[in-house]
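Engineer: Below is the structure I would like to discuss, written out as structure tokens.
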Amino acid sequence: MINKKICMLGAFSVGKTSLVSQYVHSVFSDKYLSTVGVKISKKMLVRNGQEISLVLWDMEGKDIYADINTSYLRGAMGFFVVADGMRRETLEIALSLRETVFTLLGPTPHRLLINKADMQDKWEITPAMVDTLHESGVPLLLTSAKTGMAVEEAFIELTDEMMRRR
């Protein structure tokens with residue numbers, strides 16, 4: 001069996017914990033509980049006949065001025081940066097965190113998840129902004145932890161990329 005560590009990064013209240021909960025347990029809760037430090041979950045899956053254990057490190061939310069606890073990133077084979085589509089500033093934080101991880105770990109498989117796609121009519125992140133990110137080569141998906149939209153797809157895409165790079 002292969003173990004792969006994935007870190008979940010982003011600002012406060014973007015839905016990192018909800019995305020993990022939706023993926024691991026197929027559960028969504030409207031109750032917001034702030035993650036303190038890191039919460040670790042596991043998910044087993046099989047890809048191309050290979051058993052893989054994903055170890056998901058759901059890290060506490062960070063604002064643009066906060067430093068990532070680099071010890072939490074140690075051993076990460078991939079990561080997600082998560083933004084809340086209804087809060088434009090969380091996209092800037094996610095992109096900043098992405099660059100920080102690249103500086104610390106080098107080129108690493110990742111995805112930008114713009115979450116809360118079930119409420120796109122309230123988004124501050126515009127379709128033009130999403131298009132610009134796509135055009136610049138940022139691998140991204142629009143997700144909804146509430147409905148499950150593109151959640152499993154995100155984890156499978158990242159897992160497949162990590163397996164190709166091992």
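In the structure tokens, the first chain shown is A, the next is B, and so on; residue numbers restart at 1 for each chain, and ligands run from 1 in the order shown.
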List as an NGL selection string the protein and nucleic acid residues near range 141-152 of chain A, meaning an atom at most 6 Å away when only C-alpha atoms are counted, but skip any in the same chain fewer than 6 places from it.
Structural biologist: :A and (18-19 or 22 or 28 or 113-118)
Engineer: Show which residues sit within 6 Å of Arg88 in chain A, as a PDB file with all heavy atoms, in the first residue's frame. Count only C-alpha atoms, and ignore same-chain residues fewer than 2 positions away.
Structural biologist:
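part-v4.pdb, freshly written:
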ATOM      1  N   THR A  90     -10.136  35.677  -0.267  1.00  0.00           N
ATOM      2  CA  THR A  90      -9.661  34.318   0.011  1.00  0.00           C
ATOM      3  C   THR A  90      -8.934  33.727  -1.197  1.00  0.00           C
ATOM      4  O   THR A  90      -8.086  32.849  -1.032  1.00  0.00           O
ATOM      5  CB  THR A  90     -10.803  33.382   0.449  1.00  0.00           C
ATOM      6  OG1 THR A  90     -11.720  33.191  -0.632  1.00  0.00           O
ATOM      7  CG2 THR A  90     -11.516  33.920   1.683  1.00  0.00           C
ATOM      8  N   LEU A  91      -9.236  34.211  -2.388  1.00  0.00           N
ATOM      9  CA  LEU A  91      -8.511  33.770  -3.581  1.00  0.00           C
ATOM     10  C   LEU A  91      -7.079  34.299  -3.538  1.00  0.00           C
ATOM     11  O   LEU A  91      -6.127  33.566  -3.829  1.00  0.00           O
ATOM     12  CB  LEU A  91      -9.220  34.228  -4.856  1.00  0.00           C
ATOM     13  CG  LEU A  91      -8.511  33.866  -6.166  1.00  0.00           C
ATOM     14  CD1 LEU A  91      -8.340  32.353  -6.297  1.00  0.00           C
ATOM     15  CD2 LEU A  91      -9.290  34.431  -7.356  1.00  0.00           C
ATOM     16  N   GLU A 124     -18.075  36.686  -5.371  1.00  0.00           N
ATOM     17  CA  GLU A 124     -17.265  37.857  -5.700  1.00  0.00           C
ATOM     18  C   GLU A 124     -16.180  37.483  -6.698  1.00  0.00           C
ATOM     19  O   GLU A 124     -15.628  38.347  -7.374  1.00  0.00           O
ATOM     20  CB  GLU A 124     -16.605  38.423  -4.432  1.00  0.00           C
ATOM     21  CG  GLU A 124     -17.573  39.066  -3.460  1.00  0.00           C
ATOM     22  CD  GLU A 124     -16.876  39.617  -2.222  1.00  0.00           C
ATOM     23  OE1 GLU A 124     -15.642  39.451  -2.068  1.00  0.00           O
ATOM     24  OE2 GLU A 124     -17.570  40.216  -1.388  1.00  0.00           O
ATOM     25  N   ILE A 125     -15.834  36.194  -6.758  1.00  0.00           N
ATOM     26  CA  ILE A 125     -14.868  35.712  -7.749  1.00  0.00           C
ATOM     27  C   ILE A 125     -15.638  35.527  -9.050  1.00  0.00           C
ATOM     28  O   ILE A 125     -16.576  34.749  -9.125  1.00  0.00           O
ATOM     29  CB  ILE A 125     -14.204  34.396  -7.291  1.00  0.00           C
ATOM     30  CG1 ILE A 125     -13.393  34.649  -6.014  1.00  0.00           C
ATOM     31  CG2 ILE A 125     -13.330  33.818  -8.404  1.00  0.00           C
ATOM     32  CD1 ILE A 125     -12.806  33.401  -5.373  1.00  0.00           C
TER      33      ILE A 125
END
Engineer: Measuring between only C-alpha atoms, which one of A:Ile40, A:Ile2, A:Leu54, A:Val81 shows the shortest distance to Leu140 in chain A?
Structural biologist: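 Checking each candidate against Leu140 in chain A, we get A:Val81 as the closest.
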Engineer: Which one of A:Asp58, A:Met1, A:Glu135, A:Arg47 sits closest to Glu161 in chain A if you count only C-alpha atoms?
Structural biologist: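 Under the stated criterion, the closest residue is A:Arg47.
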Engineer: Quick check, in Å to one decimal: how far apart do CA of Val20 in chain A and CA of Gly85 in chain A lie?
Structural biologist: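 Between CA of Val20 in chain A and CA of Gly85 in chain A the gap is 17.6 Å.
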Engineer: Run DSSP on the backbone of this structure and report the residues of range 6-81 of chain A it assigns to alpha helix (DSSP H), as a VMD selection string.
Structural biologist: chain A and resid 16 to 25 70 to 73
Engineer: For the selection you just gave me, I'd like the residues written to a file as a compact mmCIF listing (two decimals), in the first residue's frame, keeping N, CA, C and O atoms.
Structural biologist:
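Final output, out24.txt:
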# COMPACT_ATOMS: atom_id res chain seq x y z
N LYS A 16 -12.42 24.06 3.98
CA LYS A 16 -11.43 22.97 3.94
C LYS A 16 -11.92 21.74 4.70
O LYS A 16 -11.90 20.63 4.16
N THR A 17 -12.38 21.94 5.92
CA THR A 17 -12.86 20.82 6.74
C THR A 17 -14.10 20.19 6.11
O THR A 17 -14.24 18.97 6.10
N SER A 18 -14.98 21.02 5.56
CA SER A 18 -16.19 20.50 4.93
C SER A 18 -15.86 19.69 3.68
O SER A 18 -16.52 18.67 3.40
N LEU A 19 -14.86 20.10 2.91
CA LEU A 19 -14.43 19.34 1.74
C LEU A 19 -13.90 17.97 2.15
O LEU A 19 -14.24 16.95 1.55
N VAL A 20 -13.07 17.94 3.20
CA VAL A 20 -12.54 16.67 3.70
C VAL A 20 -13.67 15.80 4.20
O VAL A 20 -13.75 14.60 3.88
N SER A 21 -14.58 16.36 4.96
CA SER A 21 -15.71 15.60 5.50
C SER A 21 -16.59 15.03 4.38
O SER A 21 -17.03 13.88 4.44
N GLN A 22 -16.82 15.83 3.35
CA GLN A 22 -17.61 15.37 2.20
C GLN A 22 -16.89 14.22 1.49
O GLN A 22 -17.50 13.22 1.14
N TYR A 23 -15.59 14.35 1.30
CA TYR A 23 -14.84 13.32 0.59
C TYR A 23 -14.71 12.03 1.41
O TYR A 23 -14.93 10.94 0.90
N VAL A 24 -14.35 12.16 2.68
CA VAL A 24 -14.07 10.99 3.51
C VAL A 24 -15.35 10.31 3.99
O VAL A 24 -15.45 9.08 3.98
N HIS A 25 -16.35 11.11 4.39
CA HIS A 25 -17.55 10.55 5.03
C HIS A 25 -18.84 10.80 4.26
O HIS A 25 -19.91 10.39 4.72
N THR A 70 5.52 25.19 8.86
CA THR A 70 6.24 24.38 7.87
C THR A 70 6.38 22.92 8.29
O THR A 70 6.51 22.05 7.44
N SER A 71 6.36 22.65 9.60
CA SER A 71 6.47 21.25 10.03
C SER A 71 5.25 20.45 9.57
O SER A 71 5.36 19.25 9.33
N TYR A 72 4.10 21.10 9.42
CA TYR A 72 2.90 20.41 8.92
C TYR A 72 3.06 20.02 7.45
O TYR A 72 2.46 19.06 6.99
N LEU A 73 3.83 20.78 6.70
CA LEU A 73 4.01 20.51 5.28
C LEU A 73 5.02 19.39 5.01
O LEU A 73 5.02 18.81 3.93
Engineer: Just give me the gap between CA of Leu97 in chain A and CA of Ala11 in chain A in Å, one decimal is fine.
Structural biologist: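 If I compute the distance from CA of Leu97 in chain A to CA of Ala11 in chain A, I get 9.2 Å.
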Engineer: When distances are computed from only C-alpha atoms, which of A:Val27, A:Ala76, A:Val138, A:Val38 shows the smallest separation from Val101 in chain A?
Structural biologist: A:Ala76
Engineer: List as a list in words the protein and nucleic acid residues near Glu51 in chain A, meaning an atom at most 12 Å away when only C-alpha atoms are counted, but skip any in the same chain fewer than 6 places from it.
Structural biologist: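 Contacts, in chain order: Met1, Ile2, Asn3, Lys4, Lys43, Met44, Leu45, Thr159 and Met163 of chain A.
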Engineer: By how many Å are CA of Met59 in chain A and CA of Thr132 in chain A apart?
Structural biologist: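 The value is 27.3 Å.
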Engineer: So which one's closest to Arg87 in chain A, A:Pro109, A:Gly15, A:Gly49, A:Gly75? Using only C-alpha atoms, please.
Structural biologist: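 Closest to Arg87 in chain A of all the choices is A:Gly15.
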Engineer: Just asking: which residues within chain A are strand (DSSP E) according to DSSP, as a JSON list (two decimals) with N, CA and C atoms, in the first residue's frame?
Structural biologist:
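What follows is the written file result.json:
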[["chain", "number", "residue", "atom", "x", "y", "z"],
["A", 2, "ILE", "N", 0.41, 2.25, -0.71],
["A", 2, "ILE", "CA", 1.14, 3.51, -0.81],
["A", 2, "ILE", "C", 0.42, 4.56, 0.03],
["A", 3, "ASN", "N", 1.18, 5.30, 0.82],
["A", 3, "ASN", "CA", 0.64, 6.41, 1.61],
["A", 3, "ASN", "C", 0.98, 7.72, 0.92],
["A", 4, "LYS", "N", 0.00, 8.62, 0.84],
["A", 4, "LYS", "CA", 0.21, 9.94, 0.24],
["A", 4, "LYS", "C", -0.36, 10.99, 1.19],
["A", 5, "LYS", "N", 0.48, 11.92, 1.59],
["A", 5, "LYS", "CA", 0.06, 13.01, 2.46],
["A", 5, "LYS", "C", -0.38, 14.20, 1.61],
["A", 6, "ILE", "N", -1.58, 14.70, 1.90],
["A", 6, "ILE", "CA", -2.13, 15.87, 1.21],
["A", 6, "ILE", "C", -2.47, 16.92, 2.26],
["A", 7, "CYS", "N", -2.02, 18.15, 2.04],
["A", 7, "CYS", "CA", -2.35, 19.25, 2.95],
["A", 7, "CYS", "C", -3.46, 20.10, 2.35],
["A", 8, "MET", "N", -4.39, 20.51, 3.20],
["A", 8, "MET", "CA", -5.49, 21.41, 2.85],
["A", 8, "MET", "C", -5.15, 22.78, 3.41],
["A", 9, "LEU", "N", -5.01, 23.78, 2.53],
["A", 9, "LEU", "CA", -4.61, 25.12, 2.94],
["A", 9, "LEU", "C", -5.62, 26.15, 2.45],
["A", 10, "GLY", "N", -5.73, 27.24, 3.17],
["A", 10, "GLY", "CA", -6.60, 28.33, 2.75],
["A", 10, "GLY", "C", -6.93, 29.22, 3.93],
["A", 38, "VAL", "N", -4.06, 21.28, 13.33],
["A", 38, "VAL", "CA", -4.30, 20.41, 12.17],
["A", 38, "VAL", "C", -5.20, 19.25, 12.59],
["A", 39, "LYS", "N", -6.07, 18.85, 11.69],
["A", 39, "LYS", "CA", -6.91, 17.67, 11.89],
["A", 39, "LYS", "C", -6.55, 16.68, 10.79],
["A", 40, "ILE", "N", -6.26, 15.45, 11.17],
["A", 40, "ILE", "CA", -5.81, 14.45, 10.21],
["A", 40, "ILE", "C", -6.91, 13.42, 9.98],
["A", 41, "SER", "N", -7.21, 13.17, 8.70],
["A", 41, "SER", "CA", -8.19, 12.15, 8.30],
["A", 41, "SER", "C", -7.52, 11.23, 7.29],
["A", 42, "LYS", "N", -8.11, 10.05, 7.11],
["A", 42, "LYS", "CA", -7.59, 9.10, 6.13],
["A", 42, "LYS", "C", -8.70, 8.63, 5.22],
["A", 43, "LYS", "N", -8.31, 8.33, 3.99],
["A", 43, "LYS", "CA", -9.25, 7.77, 3.00],
["A", 43, "LYS", "C", -8.48, 6.77, 2.16],
["A", 44, "MET", "N", -9.04, 5.58, 2.05],
["A", 44, "MET", "CA", -8.45, 4.53, 1.23],
["A", 44, "MET", "C", -9.12, 4.55, -0.14],
["A", 45, "LEU", "N", -8.31, 4.36, -1.18],
["A", 45, "LEU", "CA", -8.87, 4.23, -2.51],
["A", 45, "LEU", "C", -7.96, 3.35, -3.35],
["A", 46, "VAL", "N", -8.49, 2.89, -4.47],
["A", 46, "VAL", "CA", -7.72, 2.08, -5.40],
["A", 46, "VAL", "C", -7.70, 2.81, -6.73],
["A", 47, "ARG", "N", -6.47, 3.00, -7.25],
["A", 47, "ARG", "CA", -6.28, 3.64, -8.55],
["A", 47, "ARG", "C", -5.36, 2.76, -9.37],
["A", 50, "GLN", "N", -3.84, -0.18, -7.67],
["A", 50, "GLN", "CA", -2.93, 0.11, -6.55],
["A", 50, "GLN", "C", -3.71, 0.66, -5.38],
["A", 51, "GLU", "N", -3.54, 0.06, -4.19],
["A", 51, "GLU", "CA", -4.18, 0.58, -2.98],
["A", 51, "GLU", "C", -3.40, 1.80, -2.50],
["A", 52, "ILE", "N", -4.15, 2.86, -2.22],
["A", 52, "ILE", "CA", -3.54, 4.12, -1.79],
["A", 52, "ILE", "C", -4.25, 4.60, -0.53],
["A", 53, "SER", "N", -3.48, 4.98, 0.45],
["A", 53, "SER", "CA", -4.02, 5.59, 1.67],
["A", 53, "SER", "C", -3.70, 7.08, 1.61],
["A", 54, "LEU", "N", -4.75, 7.88, 1.49],
["A", 54, "LEU", "CA", -4.56, 9.33, 1.52],
["A", 54, "LEU", "C", -4.62, 9.79, 2.97],
["A", 55, "VAL", "N", -3.61, 10.49, 3.40],
["A", 55, "VAL", "CA", -3.57, 11.07, 4.74],
["A", 55, "VAL", "C", -3.78, 12.56, 4.56],
["A", 56, "LEU", "N", -4.96, 13.03, 4.96],
["A", 56, "LEU", "CA", -5.39, 14.41, 4.70],
["A", 56, "LEU", "C", -5.13, 15.28, 5.92],
["A", 57, "TRP", "N", -4.26, 16.25, 5.76],
["A", 57, "TRP", "CA", -3.93, 17.19, 6.82],
["A", 57, "TRP", "C", -4.73, 18.47, 6.60],
["A", 58, "ASP", "N", -5.79, 18.62, 7.37],
["A", 58, "ASP", "CA", -6.67, 19.78, 7.29],
["A", 58, "ASP", "C", -6.10, 20.84, 8.24],
["A", 59, "MET", "N", -5.41, 21.82, 7.66],
["A", 59, "MET", "CA", -4.69, 22.80, 8.47],
["A", 59, "MET", "C", -5.57, 24.00, 8.80],
["A", 78, "GLY", "N", 1.27, 16.34, -2.02],
["A", 78, "GLY", "CA", 0.35, 17.16, -2.78],
["A", 78, "GLY", "C", -0.40, 18.07, -1.84],
["A", 79, "PHE", "N", -1.08, 19.05, -2.41],
["A", 79, "PHE", "CA", -1.85, 19.96, -1.56],
["A", 79, "PHE", "C", -3.00, 20.60, -2.34],
["A", 80, "PHE", "N", -3.97, 21.03, -1.58],
["A", 80, "PHE", "CA", -5.07, 21.85, -2.10],
["A", 80, "PHE", "C", -4.96, 23.22, -1.46],
["A", 81, "VAL", "N", -5.19, 24.27, -2.24],
["A", 81, "VAL", "CA", -5.43, 25.59, -1.68],
["A", 81, "VAL", "C", -6.89, 25.88, -1.99],
["A", 82, "VAL", "N", -7.61, 26.32, -0.97],
["A", 82, "VAL", "CA", -9.05, 26.49, -1.09],
["A", 82, "VAL", "C", -9.43, 27.95, -0.92],
["A", 83, "ALA", "N", -10.30, 28.42, -1.80],
["A", 83, "ALA", "CA", -10.85, 29.78, -1.71],
["A", 83, "ALA", "C", -12.36, 29.67, -1.63],
["A", 84, "ASP", "N", -12.97, 30.66, -1.04],
["A", 84, "ASP", "CA", -14.43, 30.78, -0.95],
["A", 84, "ASP", "C", -14.87, 31.72, -2.06],
["A", 110, "HIS", "N", -0.86, 19.87, -7.05],
["A", 110, "HIS", "CA", -1.81, 20.65, -6.27],
["A", 110, "HIS", "C", -3.03, 20.97, -7.12],
["A", 111, "ARG", "N", -4.06, 21.48, -6.46],
["A", 111, "ARG", "CA", -5.23, 22.03, -7.11],
["A", 111, "ARG", "C", -5.70, 23.22, -6.29],
["A", 112, "LEU", "N", -6.16, 24.24, -6.99],
["A", 112, "LEU", "CA", -6.88, 25.34, -6.37],
["A", 112, "LEU", "C", -8.35, 24.96, -6.43],
["A", 113, "LEU", "N", -9.01, 24.94, -5.29],
["A", 113, "LEU", "CA", -10.44, 24.65, -5.24],
["A", 113, "LEU", "C", -11.17, 25.94, -4.88],
["A", 114, "ILE", "N", -12.04, 26.37, -5.77],
["A", 114, "ILE", "CA", -12.89, 27.53, -5.45],
["A", 114, "ILE", "C", -14.21, 26.94, -5.00],
["A", 115, "ASN", "N", -14.43, 27.02, -3.71],
["A", 115, "ASN", "CA", -15.52, 26.30, -3.05],
["A", 115, "ASN", "C", -16.79, 27.15, -2.96],
["A", 140, "LEU", "N", -7.36, 24.18, -11.44],
["A", 140, "LEU", "CA", -8.41, 24.52, -10.49],
["A", 140, "LEU", "C", -9.71, 23.81, -10.82],
["A", 141, "LEU", "N", -10.52, 23.70, -9.78],
["A", 141, "LEU", "CA", -11.86, 23.14, -9.89],
["A", 141, "LEU", "C", -12.81, 23.99, -9.06],
["A", 142, "LEU", "N", -14.03, 24.11, -9.53],
["A", 142, "LEU", "CA", -15.09, 24.74, -8.76],
["A", 142, "LEU", "C", -15.78, 23.62, -7.99]]
